[in-house]
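Asker: The structure's right below; bear with me while I get my questions together.
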Amino acid sequence: TDPNAPKDDKVVVGFSVYDMQYEFFQKMEKGTREAVTAKGWEFKLHDEKSDENEMVTGAQALIDSGVDVLIISPFKPSALGPIIAKAKAKGVPVIVDDIGGGGAPYDAIVISDNSGGGKLAAEYMAKQIAANGKTGKNVASITCEPSAVYAARRNAGFKEAIEKAGFKVVAELSGNSKAEEGYKVMKDILAKNPDVAGVFACNDPMGVAAANAIKDAGKSPVKDIVAVGFNADPEALTAIKADGLAATVAQDPTAMGALTVKLAEQALNKTAITFDNAAEREVYNPVQLISKDNVDTVK
Amino acid sequence: MPAESPVLLHVDRLTVEFPGVRALDGVHFDVRAGEVHALVGENGAGKSTLLKVLGGLHRPAAGEIRLGERRYRPRRPADALHAGIAVIYQEFNLYPDLTVAENVFSGREPYHRLTRGIDYAELNRRTAQLFGTLGVHLDPARTVGSLTVSEQQLVEIAKALSVDGRIIVMDEPTAALSADEVTRLLDVVRRLRAEGRGVVYVSHRLDEVFAVADRVTVLRDGRHVHTGDLAETSQEDLVRLMVGRDVSAATRRTGAVRDDVVLDLDQVSAGRQLREVSLRVRAGEIVGIGGVAGAGQPELSQVVFGALGVDTGAMTLDGRTYRPSTPADAMAAGVGFLHEDRKSSGILPDLSVRDNLTVSVLHRVRAALTRLLSPAAQTAVFAEHRQRLAIRATGPGQLIGQLSGGNQQKVLFGRALAPGGRLLVLNEPTRGVDIGAKMEIHQLIDEVTAAGTAVLMISSDLPELLGVSDRVYVLAAGRIVGHLTGDDRTEENVIACATTGRRVFSEVAA
Amino acid sequence: MTTTDTRTAAPEPVLADRAERPSLGRLWDTWGITAILLLLLALTPLVAPGFLQLENLQSVLRESAYLGIVAAGMTFAIAAGAFDLSVGGQLALVSVVTLLAYGAGGTPAAVGAAIATGLACGLVNAGLITKLRVPPFVATLGTLFVFRGVAYILTQDGPQTLPYDQIGSPFVKIGGLNVAGVPLPFVIMLVVYAAAWVLLRRTATGRRVLAYGSSPAAARFCGISAGRIQLFVFALVGLSVGIAALTYITRVWTADGSAQDGFELKVIAAVVLGGTSLKGGKATLIGTFSAVLLVSVLNDVLVGQGVPSAYQRIVLGCVLIVALTVDGLRTRFAVPGSLRRAVAGLAGRSTDPDSA
Amino acid sequence: MTGLLRRAPLALPLLGVAVALALTTDSFLTGGNLENVLVAAAIVAIPGLAMTLCLAMGEFDLSIGSTVSLAGVVCCSAIIDGVPAPLAMLLALAAGALVGLANGLVVTKLGVTPFIATLATLVIVRGLSLAYTDGHDQIVSSATLKYLVGGRPLGVPMPILLAVVAGALAWWTVNRTRFGRWVCAVGSHREAARVSGLPVDRIRIAVYVLVGMSGGLWGLLISSQLQKGNGQLGLGFELDAITVVVLGGTALLGGRASVLGTVLGAVLIETIRNGLNLLNTPPAYQRISVGLLLVTALALLALRRTPAPAPAVREVTA
Ligand SMILES: Nc1ncnc2c1ncn2[C@@H]1O[C@H](COP(=O)(O)OP(=O)(O)OP(=O)(O)O)[C@@H](O)[C@H]1O
Ligand SMILES: Nc1ncnc2c1ncn2[C@@H]1O[C@H](COP(=O)(O)OP(=O)(O)OP(=O)(O)O)[C@@H](O)[C@H]1O
Ligand SMILES: O[C@@H]1[C@@H](O)[C@H](O)OC[C@H]1O
Ligand SMILES: [Mg+2]
Ligand SMILES: [Mg+2]
């Protein structure tokens, strides 16, 4: 391309990210940015800082600044409405990344199969409990903050599958997505149900924290109580290698970022997108169960 | 006082400035060992400012202070303490949540030799001992917040004595004390003198000054006007030096009292402080209430003002049943009130003089149509009061906290006049007020009675109580133990009723 | 030995009005933060050229409104010597209820519900404080949990959301419309501040709030009822949250129990930054207004310049401290002459008599 | 018993809640569960005790949650960098003390009102933790660090032991040392303390340093449980610490400190939280229950309190 060509010709991609404090989103940003620059396009970032007001203000500001396409990983999916309304008014396509779409008319959403991930966790847990030679049929679940829709899907997927396998979820308590609370909640679960055979946490900070609580109670989070997290955060991978966590469900935020850029290009060129779930315009990014068996294959 | 005894403290060309005010202008002043040196002057003359410089609270803009031969440049209160200067400030500096003993020895609490913790037994013992020398009994373990104003004043005095300083500075220490407490304090002052210490004594009560001081220095508008032996000075001279003109003493002109009863209390009891009190105040009449501190005076005034509930008994105002449940009710009925504790329950420190004057009658300074406050109307009220009460303020917008104590008192007096109708309840109306202002306030009280207002005045200042009132009731332990009219209104009678339990009831003429 | 000064000046004419020149300190109390805001606004175009674009300015004003409106109400509470920690919970609850009401009865129902729910929250606080005599700090700390809890219960099946097909509704216009180029939320905020200013400075009630905040004990003897003041200020905070929620919810379209976590601290910070004293008795609405804009502008500039969020925090925190340092030093040097001495000291001169 | 109730009115609601839980659950009274509750209570009581001094002084420190995060980051990243664990832990305490010192200096020397000063450090210190770690977890596996929550000298869990020691020290400080009385004096009437010659600035700075260090210890305890540090830990902890103090009855206006009250406040809060979990309460109802119990407990306390006579002097410092 001609470096002297008018700037207008260059495609500008705006990316509004949930919160750059988290490694998950740092990876997502990296995947998105690299895919954008690889195409010779311009990349503009906005950090929502886990705040719905900042999310709306910042995303609208990106649109105002003249981006050609908006990619957004929304802190509150249900606040996408006013953003998409503005984008539609200016003819800017919107690709949503992760979390959820909140029912607004975005062009496409790339999403991990959260419910499927919960199911993977349940299936692994059931299998591992049996392999440990345990006969207990009680398990527990530690959920994210009540408003996190994506996390609710994980829990629902887990619950359905684990019950199908003949287990009972005896405790379902919220750790509000926080490690500190995940630890305390696990302690309470252990006090009330010392016999639980497994625990599923909706994210890894809580999952690893719960595993720590199990260890502090003198038990193994792999052999005694099967602890499974979600995300494949570095701390989860480290813990799995050291028998400090049984498993986690991996999402691939870098790949998700790259995928959104591909969909953005299709939307810009008005080529049809192939959806995994056309009704919700969802494109799934696969999830994968990571345990000690395959943890070394994860980069 | 030996004139050749060494000079302990020497103040030279001292100047202190506040934004817009030069509070002290080249003042000089000295104190010798074994001397009580009185410092007098009108409200705002700069007395407290001078003492605050000595105490390390204000730093002068110019001038020099020497202690003996040494330069004295206090930068913080601790410097004054180290230099052996103990100050009793006009405004209390006490911790309401701490005990009496903890207040007295704040910063110098004794430690137990073995446990290395504060030795409370020793602390309380020393405190009790100090109060012993003051001739009062006060439980060292009581919380200061629960004390009366006069008890708090005693704590301040004990605090200064506990320092064992070479120079003791007292800013209006008797303003809140009862007559016998004053007598004992003056004895203590004489003892300090006998011990060879230097005492600086500030008071508006000239009889005390003459009773206890050796020399006097007069300040006026921040300037030094006179220093001299009291033996060579007459009271009239002193007053003239202070105010720059002659002032006549308090006397109540008679004849304004009318027949109609404004306030009638019939067997009123409230809590443990007030028992079966019956009294009447007529239109145009000034009724004084005397007694030792804690005899129920503030409670009586608060019952009349609706700030304290009546348990049994009845009140009428202008013949109609009167049961105010809040001060607002009382004010709506035309009752005005002056609190005895100016600092904590009188002034609104963050508000202007104008607002302080009008805050209880805001409905009168509103535009009729919009019901919005009218600054012009408020300023008019201010102008009127400043004229009438000779308030020294730079303008209506000055914060009341910036006025001298006496001028604050005048503003509060003005506020009490505001409901302006039937009855004025005055607690210690001239506490901390200079002699000129005192006369002016007495004149004002007279004026309002001429217009038919009834006045219920509580005062621990006996000359005031007897000089201004038409009749005097004496309270003891919440009961009326005396009713003095005509020639029975003597200091001896009041003191006898208040302290010895003797009951004196004059024949009521009308 | 008697000395009488001969250079006694003529007694000062007591009644003459000395020119009432407001001191620099008092000017700073009211206008200080506004001055800092203006300075920032003057410098901003140099560092952030995009700032002055119309759409950006509109966006800054639009997003300041909800915080600004609540801060106006909070100014009264702080002026009365209390503060309301529950505003975050109130905002969440009012927003959720407003969306529910919109679903049931459209725009008028939503507007009515917002105002009514806000007031109700304020009255709950007032009741706890005046009837049960729980200290305001504790009462509102408790209701912060309670209001958020109720909002959570109402959103157990997911956040309340304005459906996308309501995009043309007059309700949405509250947050989205521009009036002659000025965003409607900001217009509402201006009206709220004008009304609040009149209430604080020109009504008996406002004067009583300040009197009470300055000295509750003295106010009592001026006939001011503590209960009525507290009822008034906490109801007013509730009302302000009601109005603010309307501008908030029509901009973000969604709410649940977690909406605007930490809101209370932001609001109180804006009020105090503006110059209103936490001790009560002193309040400046102009200061609050400017402080709200100051924080918004600063945030916009930092975000616009792509400063990473960790560093945004550091800058914001430092600005808070610096802005209040000026004020703090002024009070510190309120000791007569000390500021002059300090300045003289810096200039290498000395007016200190002691060092002569 | 009545004496205890007068000095620690919180004992009554605590007893009520405990009895209710003993009746409605079969696990509340088990040894393991009680230990859970007490350990959790101990962990919040430790910073609560320092915060008690701060509130008694009439001020409060909002930055402590961020200090928790900073201490964890300092300790864990130092361990990762090869610093011996005990030294790393000392470094974390020092970092906490430094935050406290900064607060103290800004509050006294720059005259910034504590609310804003500590709110600003809250924002700045978290910014520092995040900037330093770039949002990454600092993961460790340290037995020494673990000993802080896992150790059982004399069979007593370390946090409980630490809290008992801290409580005894705090009680002694408040009631038997000059420093403690001076803190209450400053809280009761700061200007009077200045006029009485107390070193007011130094007292205030010392209290902020203590709070900072307690925040550091809190951070170490959390990082000991989680074996990591990061910029997200300790969010909102400032309200937890202040809540237990307020619940314990230390007057917000300063001047008085109830050490026993703070300890009971911590136990009450953690008992309620534990109870709600034992009862499987959905999260939405958990918050509302905590809020209602808080308001109820305090309303009861307030109603029991006989109105104190209006103090003649009172300065509210904030
Ligand atoms: N902090 C201050 N700021 C501004 N002006 C002040 C301040 N303190 C005192 N002043 C002014 O300085 C002057 C002297 O006041 P000062 O309190 O020393 O008078 P005083 O002689 O003690 O009066 P009083 O008998 O009423 O106590 C007055 O005009 C007063 O208004
Ligand atoms: N906080 C309060 N404390 C005591 N009295 C009050 C208070 N607020 C109002 N009042 C009194 O209640 C009465 C009637 O209330 P009203 O609403 O008319 O007040 P107001 O004086 O008109 O003030 P505003 O118009 O500012 O509300 C008046 O006598 C007024 O002085
Ligand atoms: O799994 C992710 C979760 O851990 C993060 O905190 O938020 C986004 C989710 O997709
Ligand atoms: Mg004076
Ligand atoms: Mg009205």
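Within each chain, counting starts at residue 1; across the structure tokens, chains are named A, B, ... in the order shown, with ligands numbered 1 upward in that order.
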Quick check for you: according to DSSP on this backbone, which residues of region 422-461 of chain B are classed as alpha helix (DSSP H)? Reply as a PyMOL selection string.
Answerer: chain B and resi 435-450
Asker: Check the DSSP output for the backbone and give back, as JSON, numbers by chain, the residues of region 28-256 of chain A in strand (DSSP E).
Answerer: {"A": [42, 43, 44, 45, 46, 47, 69, 70, 71, 72, 94, 95, 96, 97, 108, 109, 110, 111, 112, 138, 139, 140, 141, 142, 143, 168, 169, 170, 171, 172, 173, 174, 198, 199, 200, 201, 226, 227, 228, 229, 230, 231, 247, 248, 249, 250]}
Asker: Residues of chain D within 6 Å of chain A, using only C-alpha atoms, as a ChimeraX atom specification?
Answerer: /D:27,33,135,226,283
Asker: Within 6 Å of ligand 4, counting only C-alpha atoms and all ligand atoms, which protein or nucleic acid residues do you find, written as a ChimeraX atom specification?
Answerer: /B:47-48,90,405
Asker: Please identify all polymer residues within 6 Å of region 256-262 of chain D, counting only C-alpha atoms, omitting same-chain residues fewer than 4 positions from it, and present them as a ChimeraX atom specification.
Answerer: /D:8,56,171,184,244-245,248,250
Asker: What are the closest atom pairs, with distances in Å to one decimal, for all residues of chain A lying within 10 Å of ligand 3? Consider only C-alpha atoms and all ligand atoms, order rows by chain and residue number, and present the result as CSV.
Answerer:
```
residue,atom,partner,partner_atom_place_in_ligand_line,distance
A:Tyr18,CA,ligand 3,7 (O),7.9
A:Asp19,CA,ligand 3,7 (O),8.8
A:Gln21,CA,ligand 3,6 (O),10.0
A:Tyr22,CA,ligand 3,6 (O),7.1
A:Glu23,CA,ligand 3,6 (O),8.9
A:Phe24,CA,ligand 3,5 (C),6.5
A:Phe25,CA,ligand 3,8 (C),7.6
A:Ser50,CA,ligand 3,7 (O),9.9
A:Ser73,CA,ligand 3,8 (C),8.6
A:Pro74,CA,ligand 3,8 (C),9.2
A:Phe75,CA,ligand 3,7 (O),8.4
A:Asp97,CA,ligand 3,10 (O),9.1
A:Asp98,CA,ligand 3,10 (O),5.8
A:Ile99,CA,ligand 3,10 (O),5.3
A:Gly100,CA,ligand 3,10 (O),8.9
A:Ile111,CA,ligand 3,10 (O),8.3
A:Ser112,CA,ligand 3,10 (O),7.5
A:Asn114,CA,ligand 3,10 (O),8.4
A:Cys144,CA,ligand 3,6 (O),9.1
A:Ala148,CA,ligand 3,7 (O),8.6
A:Val149,CA,ligand 3,9 (C),9.9
A:Tyr150,CA,ligand 3,10 (O),6.8
A:Ala151,CA,ligand 3,9 (C),7.5
A:Arg154,CA,ligand 3,1 (O),9.5
A:Ser177,CA,ligand 3,6 (O),7.4
A:Lys178,CA,ligand 3,6 (O),9.4
A:Cys202,CA,ligand 3,4 (O),7.6
A:Asn203,CA,ligand 3,4 (O),4.9
A:Asp204,CA,ligand 3,4 (O),6.7
A:Pro205,CA,ligand 3,4 (O),8.0
A:Met206,CA,ligand 3,4 (O),9.6
A:Gly229,CA,ligand 3,4 (O),9.6
A:Phe230,CA,ligand 3,1 (O),6.6
A:Asn231,CA,ligand 3,1 (O),5.1
A:Ala232,CA,ligand 3,1 (O),8.8
A:Asp233,CA,ligand 3,4 (O),8.1
A:Val249,CA,ligand 3,1 (O),9.3
A:Ala250,CA,ligand 3,1 (O),8.8
A:Gln251,CA,ligand 3,1 (O),7.3
A:Asp252,CA,ligand 3,1 (O),9.7
A:Pro253,CA,ligand 3,10 (O),8.4
```
Asker: So that I can see what lies close to region 186-202 of chain D, please list as number ranges by chain the residues with an atom at most 7 Å from it, counting only C-alpha atoms and leaving out residues fewer than 3 positions away in the same chain.
Answerer: B: 77-78, 93-97, 106-107; D: 56-58, 108, 182-183, 205-206, 254-255, 314-315
Asker: Neighbours of ligand 2 within 8 Å, counting only C-alpha atoms and all ligand atoms, as a list in words?
Answerer: Ala328, Ala332, Ser360, Val361, Leu362, His363, Arg371 and Leu372 of chain B; Leu199, Thr203, Ala204, Thr205, Gly206, Arg208, Val209, Gly223, Ile224, Ser225, Ala226, Gly227, Arg228, Ile229 and Phe232 of chain C
Asker: With 8 Å as the limit and counting only C-alpha atoms, what residues in chain B lie close to chain C? Please list them as a ChimeraX atom specification.
Answerer: /B:16-19,57-64,73,221,223-229,244,307,326-329,331,337,339,344-351,355,359-360,362-363,371-374,386-387,390-392,394-395,397
Asker: Rounded to one decimal place, report the CA of Gly142 (chain C)-CA of Val290 (chain D) distance in Å.
Answerer: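 Between CA of Gly142 (chain C) and CA of Val290 (chain D) the gap is 7.9 Å.
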Asker: Counting only C-alpha atoms, collect the residues of chain B whose closest atom lies at most 10 Å from chain D, and write them out as a PyMOL selection string.
Answerer: chain B and resi 52+55-57+76-82+86-87+89+91-98+102-112+115-120+143-149+152+159-160+341-345
Asker: Excluding Ala283 (chain B) and its own-chain neighbours fewer than 4 positions away, which residues fall within 6 Å of it when counting only C-alpha atoms? Please give them as an NGL selection string.
Answerer: :B and (258 or 260 or 262 or 452-454)
Asker: Residues of chain A were defined as contacting chain C if any atom lay at most 10 Å from it, counting only C-alpha atoms; please report them as a short mmCIF file (atom, residue, chain, number, x, y, z; two decimals) with C-alpha atoms, in the first residue's frame.
Answerer:
```cif
data_model
loop_
_atom_site.label_atom_id
_atom_site.label_comp_id
_atom_site.auth_asym_id
_atom_site.auth_seq_id
_atom_site.Cartn_x
_atom_site.Cartn_y
_atom_site.Cartn_z
CA ASP A 19 -10.74 -4.90 31.45
CA MET A 20 -7.05 -4.92 30.64
CA GLN A 21 -6.25 -5.85 34.25
CA LYS A 44 -7.89 1.72 18.38
CA LEU A 45 -8.28 0.38 21.89
CA HIS A 46 -10.65 1.34 24.67
CA ASP A 47 -10.58 -0.19 28.17
CA GLU A 48 -13.97 -0.49 29.85
CA LYS A 49 -12.33 -0.97 33.24
CA SER A 50 -15.17 -3.25 34.42
CA ASP A 51 -17.68 -0.40 34.37
CA GLU A 52 -20.86 -0.28 32.31
CA ASN A 53 -20.84 3.50 32.19
CA GLU A 54 -17.28 3.56 30.87
CA MET A 55 -18.22 0.80 28.43
CA VAL A 56 -21.05 2.80 26.85
CA THR A 57 -19.19 6.10 26.90
CA GLY A 58 -15.98 4.67 25.49
CA GLN A 60 -19.69 5.40 21.62
CA ALA A 61 -16.58 7.58 21.59
CA LEU A 62 -14.85 5.04 19.34
CA ASP A 64 -17.72 9.01 17.10
CA SER A 65 -14.03 8.98 16.27
CA LYS A 76 -22.32 -5.77 30.60
CA PRO A 77 -23.76 -7.41 27.48
CA SER A 78 -27.15 -5.96 28.36
CA ALA A 79 -25.68 -2.47 27.88
CA LEU A 80 -24.86 -3.16 24.22
CA GLY A 81 -28.18 -1.63 23.09
CA PRO A 82 -27.20 2.05 23.08
CA ILE A 83 -23.83 1.24 21.51
CA ILE A 84 -25.31 -0.74 18.67
CA ALA A 85 -27.99 1.88 18.17
CA LYS A 86 -25.28 4.47 17.60
CA GLY A 102 -27.55 -9.13 25.59
CA GLY A 103 -30.17 -9.50 22.88
CA ALA A 104 -28.97 -6.53 20.82
CA PRO A 105 -28.72 -6.73 16.99
CA GLU A 145 -21.27 -12.97 40.73
CA PRO A 146 -24.98 -13.42 40.17
CA SER A 147 -25.12 -11.06 37.21
CA ALA A 148 -22.56 -12.87 35.03
CA VAL A 149 -24.64 -14.52 32.33
CA ALA A 152 -24.42 -18.94 34.69
#
```
Asker: Neighbours of ligand 1 at 8 Å or closer, counting only C-alpha atoms and all ligand atoms: which residues, as a PyMOL selection string?
Answerer: (chain B and resi 17-24+40-50+90+171-172+203-204+219+221-222+392-393+401-408+432-434) or (chain C and resi 335-336)
Asker: Just write the chosen residues, C-alpha atoms, as a PDB file, in the first residue's frame.
Answerer:
```
ATOM      1  CA  GLU B  17      -2.196  40.450  62.472  1.00  0.00           C
ATOM      2  CA  PHE B  18      -5.192  38.556  61.185  1.00  0.00           C
ATOM      3  CA  PRO B  19      -6.553  38.993  57.707  1.00  0.00           C
ATOM      4  CA  GLY B  20      -8.056  42.452  57.831  1.00  0.00           C
ATOM      5  CA  VAL B  21      -7.411  43.001  61.545  1.00  0.00           C
ATOM      6  CA  ARG B  22      -4.375  44.092  63.501  1.00  0.00           C
ATOM      7  CA  ALA B  23      -5.260  42.433  66.802  1.00  0.00           C
ATOM      8  CA  LEU B  24      -2.155  43.670  68.630  1.00  0.00           C
ATOM      9  CA  VAL B  40      -8.140  44.371  81.032  1.00  0.00           C
ATOM     10  CA  GLY B  41      -9.841  45.923  78.063  1.00  0.00           C
ATOM     11  CA  GLU B  42     -13.014  45.876  76.071  1.00  0.00           C
ATOM     12  CA  ASN B  43     -14.114  42.899  74.025  1.00  0.00           C
ATOM     13  CA  GLY B  44     -11.808  42.595  71.088  1.00  0.00           C
ATOM     14  CA  ALA B  45      -9.076  44.694  72.692  1.00  0.00           C
ATOM     15  CA  GLY B  46      -6.603  41.877  72.076  1.00  0.00           C
ATOM     16  CA  LYS B  47      -6.202  40.277  75.501  1.00  0.00           C
ATOM     17  CA  SER B  48      -6.773  36.693  74.392  1.00  0.00           C
ATOM     18  CA  THR B  49      -4.575  37.221  71.380  1.00  0.00           C
ATOM     19  CA  LEU B  50      -1.696  38.282  73.608  1.00  0.00           C
ATOM     20  CA  GLN B  90     -10.921  31.638  77.388  1.00  0.00           C
ATOM     21  CA  ASP B 171      -8.120  34.194  80.508  1.00  0.00           C
ATOM     22  CA  GLU B 172     -11.465  34.948  82.152  1.00  0.00           C
ATOM     23  CA  SER B 203     -11.208  39.426  83.611  1.00  0.00           C
ATOM     24  CA  HIS B 204     -14.065  41.728  82.879  1.00  0.00           C
ATOM     25  CA  LEU B 219      -5.441  47.403  76.183  1.00  0.00           C
ATOM     26  CA  ASP B 221      -8.127  48.265  70.136  1.00  0.00           C
ATOM     27  CA  GLY B 222      -4.942  46.255  70.186  1.00  0.00           C
ATOM     28  CA  ARG B 392     -17.828  45.141  66.240  1.00  0.00           C
ATOM     29  CA  ALA B 393     -17.753  43.215  62.997  1.00  0.00           C
ATOM     30  CA  GLY B 401     -16.198  32.628  64.902  1.00  0.00           C
ATOM     31  CA  GLN B 402     -13.877  35.506  64.065  1.00  0.00           C
ATOM     32  CA  LEU B 403     -15.471  37.928  66.539  1.00  0.00           C
ATOM     33  CA  SER B 404     -14.211  38.392  70.055  1.00  0.00           C
ATOM     34  CA  GLY B 405     -16.122  36.564  72.750  1.00  0.00           C
ATOM     35  CA  GLY B 406     -17.981  39.636  73.872  1.00  0.00           C
ATOM     36  CA  ASN B 407     -19.043  40.540  70.395  1.00  0.00           C
ATOM     37  CA  GLN B 408     -20.243  37.003  69.798  1.00  0.00           C
ATOM     38  CA  GLY B 432     -17.474  37.197  79.070  1.00  0.00           C
ATOM     39  CA  VAL B 433     -18.728  40.614  78.072  1.00  0.00           C
ATOM     40  CA  ASP B 434     -16.706  43.758  78.750  1.00  0.00           C
TER      41      ASP B 434
ATOM     42  CA  VAL C 335      -1.774  30.834  61.690  1.00  0.00           C
ATOM     43  CA  PRO C 336      -1.354  34.565  61.200  1.00  0.00           C
TER      44      PRO C 336
END
```
Asker: Let me make sure I understand: among D:Leu49, D:Ala117, D:Val174, D:Leu278, which one has the smallest atom-to-atom distance to chain C if we use only C-alpha atoms?
Answerer: D:Ala117
